[in-house]
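Peer 1: Below you will find the structure I want to go over with you.
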Amino acid sequence: MQTKYVYTFACHENECELCQLELNTLLKPVEEVDYTNSSYVWSERCILPGRSPFIHGRLDVIGEGAQIKELLPIAREIRLMQDETFKVICLKAGDHRPDYDEARKIEKEIGMYINGRAQMKQPEVTFGLIKIGEKWILGQWTESDKSWQLHQQKPQNYSTGFGVSLARALVNIAVPEGENHRLLDPCCGMGTVVIEALSMGIDTKGNDLNVHAVRGARVNLAHFGFDAKRITQGDMKELEGEYDSSLLDMPYNLCSVLPPQEQRLMLAKLRKLSRRAVVVSTEWVQEHILEAGWNIDQYITVKKGTFVRHVWVCN
């Protein structure tokens, strides 16, 4: 029987399109999700919840019932390792969120039927409860690891570069399944994308034409314990090799615009380097993408105030 998972998530209204694209790509939901009003996704894919900047955690479903009392015999069958401690929590998500008193009552009721030693502060296993539709779902809960947020403290930075959360989401869109997958960031700037991909175990290389950016990216990678040699310096049009995916943030400058011919050459070269690409630009370059031979699967915008990035997912 296929194990099912419930992932809880949250996003700001300005990030709704990005969240939807990332979670649809990463989780392949088994049911349609209204990302503007929902707080959970059903999936048959098991991923570390810390991969996504939007996911709060993963519930590995053990059983479900219309009423809490239907979950009690399911709880009784749970087998913990010897001396393993546990706790039960009502998740702050779903279609009905009990108030404090109701939540503590439900948690205690389920916990009384689990054969083990309860430990509220630092349990070895956590079980979660969530109400979806007319059913209560019980499962083992894995909280999202947010240690990647430390990557915001890079020694070197660009004021207009990707934020860590955006970079992480775009990496997941480019590489939803990271095993045996090679990713290229041909205009890597200060290496934010490369760092996020490497932290997820994805074999990633970065490159930039700007000597100062390359120097900064190498400092940043070394700061977080990654191999600085993964960053090369040079024109991306001279790069060689084959990659499964690429993530191209088209170079831009608020005072000057990259000539259309240069944009077309970069996108054509990208087509030779990888089979799949996520292209990000502050300018409208869709015609150049199509001229380079790419098919566009998805398009979204990411906004931060008046600053707008266009994002194309290409094959």
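To be explicit about the labels: the chains of the structure tokens are called A, B, and onward in the order shown, and within each one the residues are counted from 1, while ligands get numbers from 1 in the order they are shown.
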Would you pick out the contacts of region 197-205 of chain A at 6 Å or less, using only C-alpha atoms, so that residues sharing its chain but fewer than 4 positions from it are not included, and give the list as a compact mmCIF listing (two decimals) with C-alpha atoms, in the first residue's frame?

Peer 2:
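This is the output file result.txt:
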```txt
# COMPACT_ATOMS: atom_id res chain seq x y z
CA GLY A 178 18.23 15.72 -6.89
CA ARG A 182 23.82 17.91 -12.24
CA LEU A 183 22.84 21.59 -12.01
CA LEU A 184 24.55 24.58 -13.62
CA ARG A 230 32.94 24.70 -7.96
```

Peer 1: With the cut-off set at 10 Å and counting only C-alpha atoms, tabulate each residue of region 110-218 of chain A with an atom at most that distance from an atom of region 51-55 of chain A, showing the nearest atom pair and its distance in Å to one decimal, ordered by chain and increasing number, as a Markdown table.

Peer 2:
```
| residue | atom | partner | partner_atom | distance |
| --- | --- | --- | --- | --- |
| A:Glu143 | CA | A:Ile55 | CA | 9.0 |
| A:Ser144 | CA | A:Ile55 | CA | 6.7 |
| A:Asp145 | CA | A:Arg51 | CA | 8.1 |
| A:Lys146 | CA | A:Pro53 | CA | 8.0 |
| A:Trp148 | CA | A:Arg51 | CA | 8.9 |
| A:Gln149 | CA | A:Pro53 | CA | 9.0 |
| A:Val164 | CA | A:Pro53 | CA | 8.8 |
| A:Ser165 | CA | A:Pro53 | CA | 5.6 |
| A:Leu166 | CA | A:Pro53 | CA | 8.1 |
| A:Ala167 | CA | A:Pro53 | CA | 9.6 |
| A:Arg168 | CA | A:Ser52 | CA | 6.9 |
| A:Ala169 | CA | A:Ser52 | CA | 6.3 |
| A:Leu170 | CA | A:Ser52 | CA | 9.8 |
| A:Val171 | CA | A:Arg51 | CA | 9.6 |
| A:Asn172 | CA | A:Ser52 | CA | 7.4 |
| A:Pro176 | CA | A:Arg51 | CA | 9.9 |
| A:Glu196 | CA | A:Arg51 | CA | 9.3 |
| A:Ala197 | CA | A:Arg51 | CA | 9.6 |
| A:Ser199 | CA | A:Arg51 | CA | 9.2 |
| A:Met200 | CA | A:Arg51 | CA | 6.9 |
```

Peer 1: Using only C-alpha atoms, pick whichever of A:Glu242, A:Trp284, A:Ala10, A:Gly139 has the shortest atom-to-atom distance to Pro260 (chain A).

Peer 2: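 The answer is A:Trp284, which sits nearest to Pro260 (chain A).
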
Peer 1: Show me, as a PyMOL selection string, the residues that have an atom within 12 Å of region 20-29 of chain A when counting only C-alpha atoms, minus same-chain residues fewer than 5 positions from it.

Peer 2: chain A and resi 4-15+34-49+51-55+58+165-178+278+297-302+311-313

Peer 1: Counting only C-alpha atoms, what is within 10 Å of region 64-74 of chain A, bar same-chain residues fewer than 6 positions away, as a list in words?

Peer 2: Ile106, Glu107, Glu109, Ile110, Gly111, Met112, Tyr113, Ile114, Leu129, Ile130, Lys131, Ile132, Gly133, Glu134, Lys135, Trp136, Ile137, Leu138 and Gly139 of chain A

Peer 1: Write the selection just made, keeping N, CA and C atoms, as a short mmCIF file (atom, residue, chain, number, x, y, z; two decimals), in the first residue's frame?

Peer 2:
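Resulting contents of again-v5.cif:
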```
data_model
loop_
_atom_site.label_atom_id
_atom_site.label_comp_id
_atom_site.auth_asym_id
_atom_site.auth_seq_id
_atom_site.Cartn_x
_atom_site.Cartn_y
_atom_site.Cartn_z
N ILE A 106 -7.37 16.47 23.11
CA ILE A 106 -7.20 15.49 22.04
C ILE A 106 -5.82 14.84 22.13
N GLU A 107 -4.80 15.66 22.34
CA GLU A 107 -3.43 15.14 22.43
C GLU A 107 -3.29 14.14 23.57
N GLU A 109 -5.71 12.38 24.95
CA GLU A 109 -6.52 11.20 24.67
C GLU A 109 -5.78 10.21 23.77
N ILE A 110 -5.16 10.74 22.70
CA ILE A 110 -4.40 9.88 21.79
C ILE A 110 -3.15 9.34 22.50
N GLY A 111 -2.46 10.20 23.23
CA GLY A 111 -1.22 9.81 23.90
C GLY A 111 -1.41 8.70 24.90
N MET A 112 -2.57 8.64 25.55
CA MET A 112 -2.85 7.61 26.55
C MET A 112 -2.88 6.21 25.93
N TYR A 113 -3.12 6.13 24.62
CA TYR A 113 -3.24 4.83 23.94
C TYR A 113 -1.93 4.40 23.29
N ILE A 114 -0.94 5.27 23.24
CA ILE A 114 0.35 4.90 22.63
C ILE A 114 1.22 4.25 23.70
N LEU A 129 -1.61 15.41 14.59
CA LEU A 129 -3.02 15.28 14.26
C LEU A 129 -3.46 16.48 13.45
N ILE A 130 -4.21 16.23 12.40
CA ILE A 130 -4.74 17.32 11.57
C ILE A 130 -6.12 16.91 11.07
N LYS A 131 -7.05 17.86 11.02
CA LYS A 131 -8.37 17.57 10.48
C LYS A 131 -8.46 18.11 9.06
N ILE A 132 -8.74 17.21 8.12
CA ILE A 132 -8.86 17.57 6.72
C ILE A 132 -10.24 17.12 6.25
N GLY A 133 -11.04 18.07 5.82
CA GLY A 133 -12.42 17.74 5.47
C GLY A 133 -13.16 17.27 6.71
N GLU A 134 -13.75 16.11 6.61
CA GLU A 134 -14.50 15.53 7.73
C GLU A 134 -13.70 14.49 8.50
N LYS A 135 -12.42 14.35 8.20
CA LYS A 135 -11.62 13.30 8.83
C LYS A 135 -10.45 13.85 9.62
N TRP A 136 -10.16 13.17 10.74
CA TRP A 136 -8.95 13.40 11.51
C TRP A 136 -7.85 12.47 11.00
N ILE A 137 -6.66 13.02 10.79
CA ILE A 137 -5.52 12.25 10.29
C ILE A 137 -4.47 12.17 11.39
N LEU A 138 -3.99 10.95 11.66
CA LEU A 138 -2.91 10.73 12.62
C LEU A 138 -1.68 10.24 11.89
N GLY A 139 -0.53 10.79 12.22
CA GLY A 139 0.70 10.34 11.56
C GLY A 139 1.92 10.73 12.36
#
```

Peer 1: Name the residues of region 110-213 of chain A that fall into strand (DSSP E or B) according to DSSP on the backbone, using the chain letters and numbers of this document, as a PyMOL selection string.

Peer 2: chain A and resi 115+117-118+125-132+135-143+182-185+203-208

Peer 1: To one decimal place in Å, what is the distance between CA of Lys304 (chain A) and CA of Val193 (chain A)?

Peer 2: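 One can read the CA of Lys304 (chain A) to CA of Val193 (chain A) distance as 18.2 Å.
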
Peer 1: Nearest residue to Tyr252 (chain A) out of A:Asp227, A:Asp95, A:Glu283, A:Glu77, using only C-alpha atoms?

Peer 2: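 The closest residue to Tyr252 (chain A) is A:Glu283.
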
Peer 1: As a ChimeraX atom specification, which residues of region 213-282 of chain A does DSSP assign to helix (DSSP H, G or I)?

Peer 2: /A:213-223,228-230,236-238,260-273

Peer 1: Just the selected residues (N, CA and C atoms), exported as a tab-separated table (two decimals), in the first residue's frame, please.

Peer 2:
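Writing done, so here's selection-v8.tsv:
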```tsv
chain	number	residue	atom	x	y	z
A	213	ALA	N	32.57	39.04	-8.65
A	213	ALA	CA	31.50	38.13	-8.23
A	213	ALA	C	32.05	36.74	-7.95
A	214	VAL	N	32.93	36.29	-8.81
A	214	VAL	CA	33.55	34.97	-8.63
A	214	VAL	C	34.33	34.92	-7.33
A	215	ARG	N	35.09	35.97	-7.08
A	215	ARG	CA	35.86	36.03	-5.83
A	215	ARG	C	34.92	35.98	-4.62
A	216	GLY	N	33.82	36.74	-4.68
A	216	GLY	CA	32.86	36.74	-3.58
A	216	GLY	C	32.16	35.40	-3.42
A	217	ALA	N	31.79	34.78	-4.54
A	217	ALA	CA	31.11	33.47	-4.49
A	217	ALA	C	32.02	32.42	-3.86
A	218	ARG	N	33.29	32.45	-4.20
A	218	ARG	CA	34.23	31.47	-3.64
A	218	ARG	C	34.39	31.67	-2.13
A	219	VAL	N	34.41	32.92	-1.70
A	219	VAL	CA	34.47	33.21	-0.26
A	219	VAL	C	33.23	32.66	0.43
A	220	ASN	N	32.07	32.88	-0.18
A	220	ASN	CA	30.81	32.43	0.41
A	220	ASN	C	30.73	30.90	0.49
A	221	LEU	N	31.12	30.21	-0.56
A	221	LEU	CA	31.09	28.75	-0.53
A	221	LEU	C	32.01	28.20	0.55
A	222	ALA	N	33.22	28.74	0.60
A	222	ALA	CA	34.18	28.27	1.60
A	222	ALA	C	33.66	28.54	3.02
A	223	HIS	N	32.97	29.65	3.20
A	223	HIS	CA	32.44	30.03	4.52
A	223	HIS	C	31.46	28.97	5.04
A	228	ALA	N	35.18	25.77	-2.98
A	228	ALA	CA	35.18	27.03	-3.74
A	228	ALA	C	35.52	26.80	-5.21
A	229	LYS	N	36.17	25.66	-5.53
A	229	LYS	CA	36.54	25.38	-6.92
A	229	LYS	C	35.33	25.06	-7.80
A	230	ARG	N	34.16	24.92	-7.18
A	230	ARG	CA	32.94	24.70	-7.96
A	230	ARG	C	32.53	25.97	-8.72
A	236	MET	N	29.84	32.65	-20.11
A	236	MET	CA	29.05	31.42	-20.15
A	236	MET	C	28.95	30.84	-21.56
A	237	LYS	N	29.12	31.68	-22.58
A	237	LYS	CA	29.03	31.19	-23.96
A	237	LYS	C	30.21	30.30	-24.32
A	238	GLU	N	31.23	30.28	-23.47
A	238	GLU	CA	32.40	29.43	-23.69
A	238	GLU	C	32.39	28.18	-22.81
A	260	PRO	N	19.76	42.79	-26.87
A	260	PRO	CA	18.96	41.61	-27.26
A	260	PRO	C	19.79	40.51	-27.90
A	261	GLN	N	20.76	40.86	-28.73
A	261	GLN	CA	21.59	39.86	-29.38
A	261	GLN	C	22.36	39.04	-28.35
A	262	GLU	N	22.86	39.72	-27.31
A	262	GLU	CA	23.60	39.02	-26.25
A	262	GLU	C	22.66	38.09	-25.47
A	263	GLN	N	21.44	38.54	-25.22
A	263	GLN	CA	20.46	37.69	-24.55
A	263	GLN	C	20.17	36.43	-25.35
A	264	ARG	N	20.01	36.59	-26.68
A	264	ARG	CA	19.72	35.43	-27.54
A	264	ARG	C	20.88	34.44	-27.55
A	265	LEU	N	22.11	34.97	-27.59
A	265	LEU	CA	23.28	34.09	-27.60
A	265	LEU	C	23.40	33.31	-26.29
A	266	MET	N	23.11	33.96	-25.17
A	266	MET	CA	23.19	33.29	-23.88
A	266	MET	C	22.15	32.17	-23.78
A	267	LEU	N	20.94	32.43	-24.23
A	267	LEU	CA	19.87	31.43	-24.15
A	267	LEU	C	20.10	30.28	-25.12
A	268	ALA	N	20.70	30.59	-26.27
A	268	ALA	CA	21.03	29.53	-27.23
A	268	ALA	C	22.13	28.62	-26.66
A	269	LYS	N	23.12	29.22	-26.00
A	269	LYS	CA	24.18	28.43	-25.36
A	269	LYS	C	23.62	27.59	-24.23
A	270	LEU	N	22.70	28.15	-23.47
A	270	LEU	CA	22.07	27.42	-22.38
A	270	LEU	C	21.38	26.16	-22.90
A	271	ARG	N	20.79	26.29	-24.08
A	271	ARG	CA	20.08	25.15	-24.70
A	271	ARG	C	21.04	24.00	-25.00
A	272	LYS	N	22.30	24.33	-25.29
A	272	LYS	CA	23.30	23.30	-25.57
A	272	LYS	C	23.87	22.68	-24.30
A	273	LEU	N	23.79	23.43	-23.19
A	273	LEU	CA	24.39	22.96	-21.95
A	273	LEU	C	23.48	22.07	-21.12
```

Peer 1: Could you state the separation of CA of Arg276 (chain A) and CA of His151 (chain A) in Å, given to one decimal place?

Peer 2: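 CA of His151 (chain A) lies 26.0 Å from CA of Arg276 (chain A).
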
Peer 1: From the options A:Val88, A:Leu150, A:Leu247, A:Cys16, which residue's atoms come nearest to Phe224 (chain A), counting only C-alpha atoms?

Peer 2: A:Leu150

Peer 1: Just to confirm, what's the straight-line distance from CA of Cys187 (chain A) to CA of Gly206 (chain A) in Å (one decimal)?

Peer 2: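 Computing it gives 7.1 Å between the two atoms.
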